[in-house]
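Colleague: If it helps, the file is called final.csv and holds CSV, C-alpha atoms and all ligand atoms:
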```csv
chain,number,residue,atom,x,y,z
A,30,MET,CA,11.3,-114.1,-103.8
A,31,ALA,CA,15.0,-115.1,-103.7
A,32,HIS,CA,17.2,-113.0,-101.4
A,33,GLN,CA,19.6,-110.5,-102.9
A,34,PHE,CA,23.0,-110.8,-101.2
A,35,PRO,CA,26.3,-108.9,-101.6
A,36,PRO,CA,28.6,-110.6,-104.2
A,37,LEU,CA,31.1,-113.2,-103.0
A,38,LYS,CA,34.6,-111.9,-102.9
A,39,ASN,CA,36.4,-115.2,-101.9
A,40,ASP,CA,35.1,-118.3,-103.6
A,41,LEU,CA,38.1,-120.5,-103.1
A,42,LEU,CA,36.0,-123.0,-100.9
A,43,LEU,CA,33.3,-123.4,-103.5
A,44,ARG,CA,35.8,-123.8,-106.4
A,45,ALA,CA,37.8,-126.4,-104.5
A,46,ALA,CA,34.6,-128.2,-103.6
A,47,ARG,CA,33.6,-128.3,-107.3
A,48,GLY,CA,37.1,-129.6,-108.3
A,49,GLU,CA,38.2,-126.4,-110.0
A,50,GLN,CA,41.7,-125.0,-109.9
A,51,VAL,CA,42.6,-122.7,-106.9
A,52,GLU,CA,45.6,-120.5,-106.2
A,53,ARG,CA,45.9,-121.9,-102.7
A,54,THR,CA,44.1,-124.4,-100.4
A,55,PRO,CA,41.0,-122.9,-98.8
A,56,ILE,CA,40.7,-123.5,-95.0
A,57,TRP,CA,38.1,-123.3,-92.3
A,58,ILE,CA,37.7,-125.0,-89.0
A,59,MET,CA,35.0,-127.2,-87.6
A,60,ARG,CA,33.6,-125.5,-84.4
A,61,GLN,CA,35.5,-122.3,-85.4
A,62,ALA,CA,32.9,-120.3,-83.6
A,63,GLY,CA,33.3,-121.7,-80.1
A,64,ARG,CA,34.6,-121.8,-76.6
A,65,TYR,CA,38.3,-121.3,-77.5
A,66,LEU,CA,37.5,-117.7,-78.3
A,67,PRO,CA,37.2,-115.2,-75.4
A,68,GLU,CA,34.7,-113.2,-77.4
A,69,PHE,CA,32.5,-116.3,-77.5
A,70,HIS,CA,32.4,-116.5,-73.7
A,71,GLU,CA,31.6,-112.8,-73.6
A,72,ILE,CA,28.3,-113.5,-75.3
A,73,ARG,CA,27.6,-116.9,-73.8
A,74,LYS,CA,28.0,-115.4,-70.3
A,75,HIS,CA,24.7,-113.6,-70.8
A,76,HIS,CA,22.7,-116.1,-72.9
A,77,GLY,CA,22.0,-119.8,-72.8
A,78,PHE,CA,23.3,-122.0,-75.6
A,79,PHE,CA,20.0,-122.8,-77.4
A,80,GLU,CA,18.8,-119.2,-76.7
A,81,VAL,CA,21.8,-118.1,-78.8
A,82,CYS,CA,20.8,-120.6,-81.5
A,83,ARG,CA,17.2,-119.3,-81.5
A,84,THR,CA,18.2,-115.6,-81.7
A,85,PRO,CA,19.3,-114.7,-85.2
A,86,GLU,CA,21.2,-111.6,-84.1
A,87,LEU,CA,23.2,-113.6,-81.6
A,88,ALA,CA,23.8,-116.6,-83.8
A,89,CYS,CA,25.0,-114.2,-86.5
A,90,ALA,CA,27.3,-112.4,-84.1
A,91,LEU,CA,28.9,-115.7,-83.1
A,92,THR,CA,29.3,-116.9,-86.7
A,93,LEU,CA,31.1,-113.7,-87.5
A,94,GLN,CA,33.5,-113.7,-84.6
A,95,PRO,CA,36.2,-116.0,-86.1
A,96,ILE,CA,35.8,-114.2,-89.5
A,97,ASP,CA,36.4,-110.8,-87.8
A,98,ARG,CA,39.3,-112.2,-85.7
A,99,TYR,CA,41.2,-114.1,-88.4
A,100,GLY,CA,40.3,-112.0,-91.4
A,101,SER,CA,41.5,-113.4,-94.7
A,102,LEU,CA,43.0,-116.4,-92.9
A,103,LEU,CA,39.6,-118.1,-93.0
A,104,ASP,CA,37.9,-119.0,-96.2
A,105,ALA,CA,34.5,-120.0,-94.9
A,106,SER,CA,32.0,-119.4,-92.2
A,107,ILE,CA,29.6,-121.9,-90.7
A,108,ILE,CA,26.3,-120.9,-89.2
A,109,PHE,CA,26.2,-121.0,-85.4
A,110,SER,CA,23.6,-123.7,-84.5
A,111,ASP,CA,23.7,-127.3,-83.4
A,112,ILE,CA,22.9,-130.7,-84.9
A,113,LEU,CA,20.4,-131.3,-82.1
A,114,VAL,CA,17.9,-128.7,-83.4
A,115,ILE,CA,16.4,-131.5,-85.5
A,116,PRO,CA,15.5,-133.7,-82.5
A,117,GLN,CA,14.1,-130.6,-80.9
A,118,ALA,CA,11.9,-130.0,-84.0
A,119,LEU,CA,10.8,-133.6,-83.7
A,120,GLY,CA,9.5,-132.8,-80.3
A,121,LEU,CA,12.2,-133.8,-77.8
A,122,GLU,CA,13.5,-131.4,-75.2
A,123,VAL,CA,17.3,-130.9,-75.2
A,124,LYS,CA,19.2,-128.8,-72.6
A,125,MET,CA,22.8,-127.8,-72.7
A,126,VAL,CA,24.2,-128.5,-69.3
A,127,GLU,CA,27.4,-126.7,-68.2
A,128,GLY,CA,30.3,-129.2,-68.0
A,129,ARG,CA,28.2,-132.1,-69.4
A,130,GLY,CA,27.1,-131.1,-72.9
A,131,PRO,CA,23.6,-131.8,-74.3
A,132,VAL,CA,21.1,-133.7,-72.2
A,133,PHE,CA,17.7,-134.9,-73.4
A,134,THR,CA,15.0,-134.6,-70.7
A,135,ALA,CA,13.2,-137.7,-71.9
A,136,PRO,CA,15.2,-139.8,-74.5
A,137,LEU,CA,13.6,-142.5,-76.6
A,138,GLU,CA,13.7,-145.8,-74.6
A,139,THR,CA,11.6,-148.2,-76.7
A,140,PRO,CA,10.0,-147.9,-80.1
A,141,ALA,CA,6.7,-147.1,-78.4
A,142,ASP,CA,8.3,-143.7,-77.5
A,143,ILE,CA,8.4,-142.8,-81.2
A,144,ALA,CA,4.8,-141.9,-80.7
A,145,ARG,CA,6.0,-138.9,-78.6
A,146,LEU,CA,7.6,-137.4,-81.8
A,147,HIS,CA,5.6,-135.0,-83.9
A,148,GLU,CA,3.9,-136.9,-86.7
A,149,LYS,CA,4.3,-134.1,-89.1
A,150,VAL,CA,7.1,-131.5,-88.7
A,151,ASP,CA,6.6,-128.0,-90.1
A,152,VAL,CA,10.3,-127.4,-90.5
A,153,GLY,CA,9.9,-123.8,-91.5
A,154,LYS,CA,8.0,-123.1,-88.4
A,155,GLU,CA,10.1,-125.1,-86.0
A,156,LEU,CA,13.5,-124.1,-87.4
A,157,GLY,CA,12.7,-120.9,-89.1
A,158,TYR,CA,15.1,-119.2,-86.6
A,159,VAL,CA,18.0,-121.0,-88.3
A,160,TYR,CA,16.9,-119.7,-91.7
A,161,GLU,CA,16.6,-116.2,-90.3
A,162,ALA,CA,20.1,-116.5,-88.8
A,163,ILE,CA,21.5,-117.6,-92.2
A,164,THR,CA,19.9,-114.8,-94.1
A,165,LEU,CA,21.1,-112.2,-91.6
A,166,THR,CA,24.6,-113.6,-91.5
A,167,ARG,CA,24.8,-113.9,-95.3
A,168,THR,CA,24.0,-110.2,-95.5
A,169,LYS,CA,26.4,-109.2,-92.7
A,170,LEU,CA,29.2,-111.2,-94.2
A,171,GLU,CA,29.2,-108.8,-97.1
A,172,GLY,CA,30.6,-111.5,-99.4
A,173,ARG,CA,33.8,-111.9,-97.4
A,174,VAL,CA,33.5,-115.8,-97.4
A,175,PRO,CA,30.9,-118.3,-98.2
A,176,LEU,CA,28.4,-119.4,-95.5
A,177,LEU,CA,28.0,-123.1,-94.7
A,178,GLY,CA,24.8,-124.7,-93.4
A,179,PHE,CA,24.7,-128.1,-91.8
A,180,VAL,CA,22.7,-131.0,-90.2
A,181,GLY,CA,23.5,-134.0,-88.1
A,182,ALA,CA,23.3,-137.4,-90.0
A,183,PRO,CA,20.3,-139.6,-89.2
A,184,TRP,CA,22.4,-142.2,-87.4
A,185,THR,CA,24.1,-139.7,-85.2
A,186,LEU,CA,20.9,-138.0,-84.4
A,187,MET,CA,19.0,-141.3,-83.7
A,188,ALA,CA,21.9,-142.2,-81.3
A,189,TYR,CA,21.6,-138.9,-79.4
A,190,MET,CA,17.8,-139.3,-79.2
A,191,ILE,CA,18.2,-142.7,-77.6
A,192,GLU,CA,21.3,-142.2,-75.5
A,193,GLY,CA,19.9,-138.8,-74.3
A,194,GLY,CA,23.4,-137.3,-74.5
A,195,GLY,CA,27.0,-138.2,-74.8
A,196,SER,CA,27.9,-141.9,-74.3
A,197,LYS,CA,31.1,-144.0,-74.3
A,198,THR,CA,29.6,-147.2,-75.8
A,199,LEU,CA,26.3,-146.2,-77.5
A,200,ALA,CA,25.0,-149.4,-75.9
A,201,LYS,CA,21.4,-148.2,-75.8
A,202,ALA,CA,21.3,-146.8,-79.3
A,203,LYS,CA,23.1,-149.7,-80.8
A,204,SER,CA,20.9,-152.3,-79.1
A,205,TRP,CA,17.9,-150.8,-81.0
A,206,LEU,CA,19.6,-151.8,-84.2
A,207,TRP,CA,19.7,-155.5,-83.1
A,208,LYS,CA,16.4,-155.5,-81.2
A,209,TYR,CA,14.2,-153.3,-83.3
A,210,PRO,CA,15.8,-153.1,-86.8
A,211,GLU,CA,12.5,-152.2,-88.6
A,212,GLU,CA,11.6,-149.5,-86.1
A,213,SER,CA,15.2,-148.2,-86.3
A,214,HIS,CA,14.9,-147.8,-90.0
A,215,ARG,CA,11.6,-146.0,-89.7
A,216,LEU,CA,13.1,-143.6,-87.2
A,217,LEU,CA,16.1,-143.0,-89.4
A,218,GLN,CA,13.8,-142.3,-92.3
A,219,ARG,CA,11.8,-139.8,-90.4
A,220,ILE,CA,15.0,-137.9,-89.4
A,221,THR,CA,16.2,-138.1,-93.0
A,222,ASP,CA,12.9,-136.5,-94.2
A,223,VAL,CA,13.3,-133.6,-91.8
A,224,ALA,CA,17.0,-133.2,-92.6
A,225,VAL,CA,16.3,-133.0,-96.4
A,226,THR,CA,13.7,-130.2,-95.9
A,227,PHE,CA,15.9,-128.4,-93.5
A,228,LEU,CA,18.9,-128.4,-95.8
A,229,VAL,CA,16.9,-127.2,-98.8
A,230,GLY,CA,15.5,-124.4,-96.5
A,231,GLN,CA,19.0,-123.4,-95.4
A,232,VAL,CA,20.0,-123.0,-99.1
A,233,LYS,CA,16.9,-121.0,-99.8
A,234,ALA,CA,17.8,-118.8,-96.8
A,235,GLY,CA,21.3,-118.2,-98.1
A,236,ALA,CA,23.6,-121.2,-97.3
A,237,GLN,CA,26.2,-121.6,-100.1
A,238,MET,CA,27.4,-125.1,-99.1
A,239,LEU,CA,26.2,-127.8,-96.8
A,240,GLN,CA,27.9,-130.3,-94.4
A,241,VAL,CA,26.4,-133.5,-92.9
A,242,PHE,CA,28.0,-134.5,-89.6
A,243,ASP,CA,27.9,-138.2,-88.8
A,244,SER,CA,30.0,-137.8,-85.7
A,245,TRP,CA,29.2,-141.3,-84.4
A,246,GLY,CA,29.5,-143.1,-87.8
A,247,GLY,CA,32.7,-144.8,-86.6
A,248,GLU,CA,30.8,-146.5,-83.7
A,249,LEU,CA,29.2,-148.7,-86.3
A,250,GLY,CA,31.2,-151.5,-88.0
A,251,PRO,CA,31.4,-151.6,-91.8
A,252,ASP,CA,28.3,-153.8,-92.4
A,253,ASP,CA,26.2,-151.9,-90.0
A,254,PHE,CA,27.3,-148.5,-91.3
A,255,LYS,CA,26.2,-149.7,-94.8
A,256,GLN,CA,22.8,-150.7,-93.4
A,257,PHE,CA,22.0,-148.0,-90.9
A,258,SER,CA,23.9,-144.9,-92.0
A,259,LEU,CA,25.0,-144.9,-95.6
A,260,PRO,CA,21.5,-145.2,-97.3
A,261,TYR,CA,20.2,-142.3,-95.4
A,262,ILE,CA,23.2,-139.9,-96.0
A,263,ALA,CA,23.0,-141.0,-99.6
A,264,GLN,CA,19.3,-140.1,-99.7
A,265,ILE,CA,20.1,-136.7,-98.2
A,266,ALA,CA,22.6,-135.8,-100.9
A,267,ALA,CA,20.3,-137.1,-103.7
A,268,ARG,CA,17.1,-135.5,-102.5
A,269,VAL,CA,18.6,-132.1,-101.5
A,270,LYS,CA,20.2,-131.7,-104.9
A,271,GLU,CA,17.1,-132.9,-106.7
A,272,GLN,CA,14.8,-130.5,-104.8
A,273,LEU,CA,17.1,-127.6,-105.4
A,274,ASP,CA,17.2,-128.4,-109.1
A,275,ILE,CA,13.4,-128.6,-109.3
A,276,ALA,CA,13.1,-125.3,-107.5
A,277,ASP,CA,15.5,-123.8,-110.0
A,278,ILE,CA,18.0,-122.9,-107.3
A,279,GLU,CA,21.7,-123.4,-107.9
A,280,VAL,CA,22.8,-126.8,-106.5
A,281,VAL,CA,25.3,-126.2,-103.8
A,282,PRO,CA,28.3,-128.4,-103.0
A,283,MET,CA,27.8,-130.9,-100.2
A,284,THR,CA,30.2,-132.4,-97.7
A,285,ILE,CA,29.9,-135.6,-95.7
A,286,PHE,CA,31.9,-136.1,-92.4
A,287,ALA,CA,31.5,-139.6,-91.0
A,288,LYS,CA,34.0,-139.6,-88.2
A,289,GLY,CA,35.7,-142.9,-87.7
A,290,SER,CA,34.2,-144.5,-90.8
A,291,TRP,CA,37.5,-144.9,-92.6
A,292,TYR,CA,36.3,-148.3,-93.9
A,293,ALA,CA,33.4,-146.6,-95.8
A,294,LEU,CA,35.6,-144.1,-97.7
A,295,GLU,CA,35.0,-145.7,-101.1
A,296,ASP,CA,31.2,-145.7,-100.6
A,297,LEU,CA,31.3,-142.1,-99.1
A,298,SER,CA,33.0,-140.9,-102.3
A,299,SER,CA,30.4,-142.4,-104.5
A,300,ILE,CA,27.0,-141.3,-103.2
A,301,GLY,CA,26.6,-137.8,-104.5
A,302,TYR,CA,28.7,-135.7,-102.1
A,303,ASP,CA,31.2,-133.3,-103.6
A,304,VAL,CA,33.5,-133.4,-100.5
A,305,VAL,CA,34.5,-136.1,-98.0
A,306,SER,CA,35.8,-134.8,-94.7
A,307,LEU,CA,38.4,-136.9,-93.0
A,308,ASP,CA,39.3,-137.4,-89.4
A,309,TRP,CA,43.0,-137.5,-88.4
A,310,THR,CA,43.3,-141.4,-88.4
A,311,ILE,CA,43.3,-141.5,-92.2
A,312,SER,CA,46.4,-140.6,-94.1
A,313,PRO,CA,45.9,-138.2,-97.0
A,314,LYS,CA,47.6,-140.6,-99.4
A,315,TYR,CA,45.4,-143.5,-98.4
A,316,ALA,CA,42.2,-141.4,-98.7
A,317,ARG,CA,43.3,-140.2,-102.2
A,318,SER,CA,44.1,-143.7,-103.3
A,319,VAL,CA,40.7,-145.0,-102.2
A,320,THR,CA,38.5,-142.1,-103.4
A,321,LYS,CA,40.5,-141.5,-106.6
A,322,ASP,CA,39.5,-138.2,-108.1
A,323,ARG,CA,35.8,-138.6,-107.4
A,324,VAL,CA,35.6,-136.1,-104.6
A,325,CYS,CA,37.4,-133.2,-103.0
A,326,LEU,CA,38.9,-134.2,-99.6
A,327,GLN,CA,38.7,-132.1,-96.5
A,328,GLY,CA,40.7,-132.2,-93.2
A,329,ASN,CA,42.4,-133.5,-91.3
A,330,MET,CA,45.0,-132.4,-88.7
A,331,ASP,CA,44.6,-133.9,-85.3
A,332,PRO,CA,42.8,-131.1,-83.3
A,333,THR,CA,45.2,-131.8,-80.3
A,334,ALA,CA,48.2,-130.9,-82.5
A,335,LEU,CA,47.2,-127.3,-81.8
A,336,TYR,CA,48.5,-127.8,-78.3
A,337,GLY,CA,52.0,-128.2,-79.7
A,338,PRO,CA,54.5,-125.4,-80.0
A,339,ASP,CA,54.3,-123.2,-83.1
A,340,GLU,CA,57.2,-125.1,-84.8
A,341,ALA,CA,55.4,-128.4,-84.4
A,342,ILE,CA,52.1,-127.0,-85.8
A,343,ARG,CA,54.0,-125.6,-88.8
A,344,GLU,CA,55.7,-129.0,-89.4
A,345,ILE,CA,52.6,-131.1,-89.1
A,346,ALA,CA,50.5,-128.7,-91.2
A,347,THR,CA,53.2,-128.5,-93.9
A,348,LYS,CA,53.4,-132.2,-94.2
A,349,MET,CA,49.6,-132.5,-94.3
A,350,VAL,CA,49.3,-130.0,-97.2
A,351,LYS,CA,52.1,-131.7,-99.1
A,352,ASP,CA,50.5,-135.1,-98.6
A,353,PHE,CA,47.2,-134.0,-99.9
A,354,GLY,CA,49.1,-132.7,-102.9
A,355,LYS,CA,48.7,-129.6,-105.1
A,356,ASP,CA,45.8,-130.9,-107.1
A,357,ALA,CA,42.8,-128.7,-106.5
A,358,LYS,CA,40.6,-131.1,-104.8
A,359,TYR,CA,41.5,-130.3,-101.2
A,360,ILE,CA,40.0,-128.1,-98.4
A,361,ALA,CA,42.0,-127.8,-95.2
A,362,ASN,CA,40.4,-128.2,-91.8
A,363,LEU,CA,41.0,-130.2,-88.6
A,364,GLY,CA,40.1,-133.9,-88.3
A,365,HIS,CA,37.3,-132.9,-85.9
A,366,GLY,CA,36.1,-129.8,-84.0
A,367,ILE,CA,38.6,-127.4,-82.4
A,368,LEU,CA,38.9,-128.1,-78.7
A,369,PRO,CA,37.8,-125.5,-76.2
A,370,THR,CA,41.2,-125.0,-74.4
A,371,VAL,CA,43.2,-124.3,-77.6
A,372,ASN,CA,45.0,-121.0,-77.7
A,373,PRO,CA,43.5,-118.9,-80.5
A,374,ASP,CA,47.0,-117.8,-81.6
A,375,SER,CA,47.9,-121.5,-82.2
A,376,LEU,CA,45.0,-121.7,-84.6
A,377,LYS,CA,46.4,-118.6,-86.4
A,378,VAL,CA,49.7,-120.4,-86.9
A,379,TYR,CA,47.9,-123.4,-88.5
A,380,LEU,CA,45.8,-121.2,-90.8
A,381,GLU,CA,48.9,-119.2,-91.9
A,382,THR,CA,50.9,-122.2,-92.5
A,383,VAL,CA,48.3,-123.9,-94.7
A,384,GLN,CA,47.8,-120.8,-96.8
A,385,GLN,CA,51.5,-120.1,-97.3
A,386,VAL,CA,52.6,-123.7,-98.0
A,387,SER,CA,49.6,-124.4,-100.3
A,388,ALA,CA,50.4,-121.3,-102.4
A,389,GLU,CA,54.1,-122.1,-102.5
A,390,ILE,CA,53.8,-125.7,-103.7
A,391,ARG,CA,51.7,-124.4,-106.6
A,392,LYS,CA,54.5,-122.2,-107.8
A,393,GLN,CA,57.0,-125.1,-107.8
A,401,LIG,O1,31.5,-123.2,-85.3
A,401,LIG,C1,30.8,-124.2,-85.7
A,401,LIG,O2,31.3,-125.2,-86.1
A,401,LIG,C2,29.3,-124.0,-85.9
A,401,LIG,C3,28.5,-124.4,-84.8
A,401,LIG,C4,28.4,-125.8,-84.4
A,401,LIG,C5,28.1,-126.2,-83.0
A,401,LIG,N1,27.9,-127.5,-82.9
A,401,LIG,C6,28.1,-125.2,-81.9
A,401,LIG,C7,28.3,-125.8,-80.5
A,401,LIG,C8,28.3,-127.0,-85.1
A,401,LIG,C9,28.6,-127.3,-86.6
A,401,LIG,C10,28.0,-128.1,-84.2
A,401,LIG,C11,27.8,-129.5,-84.6
A,401,LIG,C12,27.6,-130.5,-83.5
A,401,LIG,N2,26.9,-130.4,-82.4
A,401,LIG,C13,28.1,-131.8,-83.7
A,401,LIG,C14,28.8,-132.4,-84.9
A,401,LIG,C15,30.2,-132.0,-84.9
A,401,LIG,C16,31.1,-132.8,-83.9
A,401,LIG,O3,31.7,-132.1,-83.0
A,401,LIG,O4,31.1,-134.0,-84.0
A,401,LIG,C17,27.7,-132.5,-82.5
A,401,LIG,C18,28.0,-133.9,-82.2
A,401,LIG,C19,27.0,-131.6,-81.7
A,401,LIG,C20,26.3,-131.9,-80.4
A,401,LIG,C21,26.9,-131.1,-79.3
A,401,LIG,N3,26.7,-129.7,-79.2
A,401,LIG,C22,27.8,-131.5,-78.3
A,401,LIG,C23,28.2,-133.0,-78.1
A,401,LIG,C24,28.1,-130.4,-77.5
A,401,LIG,C25,28.8,-130.4,-76.2
A,401,LIG,C26,30.2,-130.8,-76.3
A,401,LIG,C27,31.0,-129.7,-76.9
A,401,LIG,O5,31.8,-129.9,-77.8
A,401,LIG,O6,30.8,-128.5,-76.4
A,401,LIG,C28,27.5,-129.3,-78.1
A,401,LIG,C29,27.5,-127.9,-77.7
A,401,LIG,C30,28.0,-126.9,-78.6
A,401,LIG,N4,27.7,-126.8,-79.9
A,401,LIG,C31,28.9,-125.8,-78.3
A,401,LIG,C32,29.1,-125.1,-79.5
A,401,LIG,C33,29.8,-123.8,-79.7
A,401,LIG,C34,29.4,-125.5,-76.9
A,401,LIG,C35,28.3,-125.3,-76.0
A,401,LIG,C36,28.4,-124.1,-75.1
A,401,LIG,O7,28.6,-123.0,-75.5
A,401,LIG,O8,28.3,-124.3,-73.9
```
Take the structure from the file and write it as structure tokens.
Modeller:
Amino acid sequence: MAHQFPPLKNDLLLRAARGEQVERTPIWIMRQAGRYLPEFHEIRKHHGFFEVCRTPELACALTLQPIDRYGSLLDASIIFSDILVIPQALGLEVKMVEGRGPVFTAPLETPADIARLHEKVDVGKELGYVYEAITLTRTKLEGRVPLLGFVGAPWTLMAYMIEGGGSKTLAKAKSWLWKYPEESHRLLQRITDVAVTFLVGQVKAGAQMLQVFDSWGGELGPDDFKQFSLPYIAQIAARVKEQLDIADIEVVPMTIFAKGSWYALEDLSSIGYDVVSLDWTISPKYARSVTKDRVCLQGNMDPTALYGPDEAIREIATKMVKDFGKDAKYIANLGHGILPTVNPDSLKVYLETVQQVSAEIRKQ
């Protein structure tokens, strides 16, 4: 049985993603539910990070926090979860360590360790808590804004599973690519299969758009990205859309964010994604010239610009909106996640500026 949800009142994001005309640019922020919000700490003080992810009521409460705080200044919500729930579903233990970030108890060291992963993953059983959080949140949103689901890209997840956490060089993960290319491809394929099922399940649960995060894409050079990342993120878009279609479910727009992979923009805009999310190292005009009108672009203010005074934020945001142009195919965001020490009022200035300026340039 398909879920019945309240009707959507603000569909700017979905229209922009599909390339339709919009009255103004929709905007949302990567990591918008996070540590820069005092109300986030209020909940996190009492609950562990993955405990929150696994408790639908808490994940829902955190997802709604920025929507409640910023009201009509935000045009999307993103389900509170983490990309590392897939490695967990595959059988690896991940802990969130205060001041350090995610830490794997026993990362993969050699291909022999792949035997430690679950042969068959029952995604609905392992990650059903994310589906429940999505269904609950979609109901509680009451149609205010669309709800995004997401996964980590296979390369980024493989890198985390081998590095065991954050890393400056990714030396361990990248050495697998040269030492064990076949096993690397097999691992990437296994992650891809879980990611596809998980994304389809998220849409069935109520997600209205999907984003794939290849946060470590830019650690690969152009040829290696083409070999070890692109085929898998392409497969994800193709298979998710095909499976939704077969199941007679409306195909939702999909976004790819491959941080640092500026060299792959042309490919990224030609593999079935509706939206390509840009980091701040790419100029809007360059991105437009490379991707033509094949995709909607998303991004891309430098997250640290939010540390500037209000006038600087307004100036940078205004230029960004004008550079992306008034054609519909644009969703505003930051070039990466919002940083934990940003003042929430500075984000408000950014959101207001984008909404105002993007509406004004359409009247000119
Ligand atoms: O608001 C949202 O965007 C939704 C929730 C969300 C989180 N993580 C919550 C989170 C999303 C979409 C993610 C994605 C994610 N997680 C990525 C891809 C995006 C990116 O930033 O590149 C990555 C690489 C991760 C892995 C991860 N999770 C790291 C490296 C860390 C620690 C560093 C950091 O930025 O905090 C996390 C923890 C995490 N994920 C937090 C949140 C709110 C903070 C943890 C805490 O509460 O202690």
Colleague: Could you produce a table of the residues of stretch 72-115 of chain A lying within 9 Å of stretch 170-179 of chain A, with the nearest pair of atoms per residue and their separation in Å rounded to one decimal, using all atoms listed in the file, ordered by chain and increasing residue number, as a Markdown table?
Modeller:
```
| residue | atom | partner | partner_atom | distance |
| --- | --- | --- | --- | --- |
| A:Leu93 | CA | A:Leu170 | CA | 7.4 |
| A:Ile96 | CA | A:Val174 | CA | 8.4 |
| A:Gly100 | CA | A:Arg173 | CA | 8.8 |
| A:Ser101 | CA | A:Arg173 | CA | 8.3 |
| A:Leu103 | CA | A:Val174 | CA | 7.9 |
| A:Asp104 | CA | A:Val174 | CA | 5.6 |
| A:Ala105 | CA | A:Val174 | CA | 5.0 |
| A:Ser106 | CA | A:Leu176 | CA | 4.9 |
| A:Ile107 | CA | A:Leu177 | CA | 4.5 |
| A:Ile108 | CA | A:Gly178 | CA | 5.9 |
| A:Phe109 | CA | A:Gly178 | CA | 8.9 |
| A:Ser110 | CA | A:Phe179 | CA | 8.6 |
| A:Asp111 | CA | A:Phe179 | CA | 8.5 |
| A:Ile112 | CA | A:Phe179 | CA | 7.6 |
```
Colleague: With all atoms listed in the file as the counted atoms, please give the residues lying no more than 12 Å from A:Leu206, apart from itself and same-chain residues fewer than 3 positions off, as a list of chain:residue names.
Modeller: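 Returned residues: A:Thr139, A:Pro140, A:Trp184, A:Met187, A:Ala188, A:Ile191, A:Leu199, A:Ala200, A:Lys201, A:Ala202, A:Lys203, A:Tyr209, A:Pro210, A:Glu211, A:Glu212, A:Ser213, A:His214, A:Arg215, A:Leu216, A:Leu217, A:Leu249, A:Asp253, A:Phe254, A:Gln256, A:Phe257, A:Ser258.
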Colleague: Would you output that residue set with C-alpha atoms, as a short mmCIF file (atom, residue, chain, number, x, y, z; two decimals), in the coordinates of the input?
Modeller:
```
data_model
loop_
_atom_site.label_atom_id
_atom_site.label_comp_id
_atom_site.auth_asym_id
_atom_site.auth_seq_id
_atom_site.Cartn_x
_atom_site.Cartn_y
_atom_site.Cartn_z
CA THR A 139 11.60 -148.20 -76.70
CA PRO A 140 10.00 -147.90 -80.10
CA TRP A 184 22.40 -142.20 -87.40
CA MET A 187 19.00 -141.30 -83.70
CA ALA A 188 21.90 -142.20 -81.30
CA ILE A 191 18.20 -142.70 -77.60
CA LEU A 199 26.30 -146.20 -77.50
CA ALA A 200 25.00 -149.40 -75.90
CA LYS A 201 21.40 -148.20 -75.80
CA ALA A 202 21.30 -146.80 -79.30
CA LYS A 203 23.10 -149.70 -80.80
CA TYR A 209 14.20 -153.30 -83.30
CA PRO A 210 15.80 -153.10 -86.80
CA GLU A 211 12.50 -152.20 -88.60
CA GLU A 212 11.60 -149.50 -86.10
CA SER A 213 15.20 -148.20 -86.30
CA HIS A 214 14.90 -147.80 -90.00
CA ARG A 215 11.60 -146.00 -89.70
CA LEU A 216 13.10 -143.60 -87.20
CA LEU A 217 16.10 -143.00 -89.40
CA LEU A 249 29.20 -148.70 -86.30
CA ASP A 253 26.20 -151.90 -90.00
CA PHE A 254 27.30 -148.50 -91.30
CA GLN A 256 22.80 -150.70 -93.40
CA PHE A 257 22.00 -148.00 -90.90
CA SER A 258 23.90 -144.90 -92.00
#
```
Colleague: Using only C-alpha atoms, which residues sit within 12 Å of A:Asp356 once same-chain residues fewer than 6 positions away are excluded, as a list in words?
Modeller: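 Near A:Asp356, the qualifying residues are Ala45, Gly48, Glu49, Gln50, Val51, Glu52, Arg53, Thr54, Arg317, Lys321, Asp322, Val324, Cys325, Leu326, Val350, Ser387, Ala388, Ile390 and Arg391 of chain A.
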Colleague: From the list A:Gln393, A:Ser244, A:Gln94, A:Thr226, which residue is nearest ligand LIG 401 (chain A) when using all atoms listed in the file?
Modeller: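 Among A:Gln393, A:Ser244, A:Gln94, A:Thr226, it is A:Ser244 that comes nearest to ligand LIG 401 (chain A).
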Colleague: Please extract the residues at most 7 Å from ligand LIG 401 (chain A), counting all atoms listed in the file, and provide them as a VMD selection string, using the chain letters and residue numbers of this document.
Modeller: chain A and resid 59 to 64 73 78 92 107 to 113 125 127 130 to 131 179 181 195 242 244 365 to 366
Colleague: For stretch 378-382 of chain A, work out the shell of residues within 9 Å, counting all atoms listed in the file and skipping chain neighbours fewer than 5 positions away, then give it as a list of chain:residue names.
Modeller: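 Residues near the query, excluding close chain neighbours: A:Ile56, A:Trp57, A:Tyr99, A:Leu102, A:Leu103, A:Leu335, A:Asp339, A:Ile342, A:Arg343, A:Glu344, A:Ala346, A:Thr347, A:Ala361, A:Asn362, A:Ser387.
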Colleague: Using all atoms listed in the file, what table do you get, as a tab-separated table, when you list each residue of stretch 116-165 of chain A with an atom no more than 12 Å from stretch 79-89 of chain A, its nearest pair of atoms, and their distance in Å rounded to one decimal, rows by chain then rising number?
Modeller:
```
residue	atom	partner	partner_atom	distance
A:Gln117	CA	A:Phe79	CA	10.4
A:Glu122	CA	A:Phe79	CA	11.0
A:Val123	CA	A:Phe79	CA	8.8
A:Lys124	CA	A:Phe79	CA	7.7
A:Met125	CA	A:Phe79	CA	7.4
A:Val126	CA	A:Phe79	CA	10.8
A:Gly130	CA	A:Phe79	CA	11.8
A:Pro131	CA	A:Phe79	CA	10.2
A:Glu155	CA	A:Arg83	CA	10.2
A:Leu156	CA	A:Arg83	CA	8.5
A:Gly157	CA	A:Arg83	CA	9.0
A:Tyr158	CA	A:Arg83	CA	5.5
A:Val159	CA	A:Arg83	CA	7.1
A:Tyr160	CA	A:Pro85	CA	8.5
A:Glu161	CA	A:Pro85	CA	6.0
A:Ala162	CA	A:Pro85	CA	4.1
A:Ile163	CA	A:Cys89	CA	7.5
A:Thr164	CA	A:Pro85	CA	8.9
A:Leu165	CA	A:Cys89	CA	6.7
```
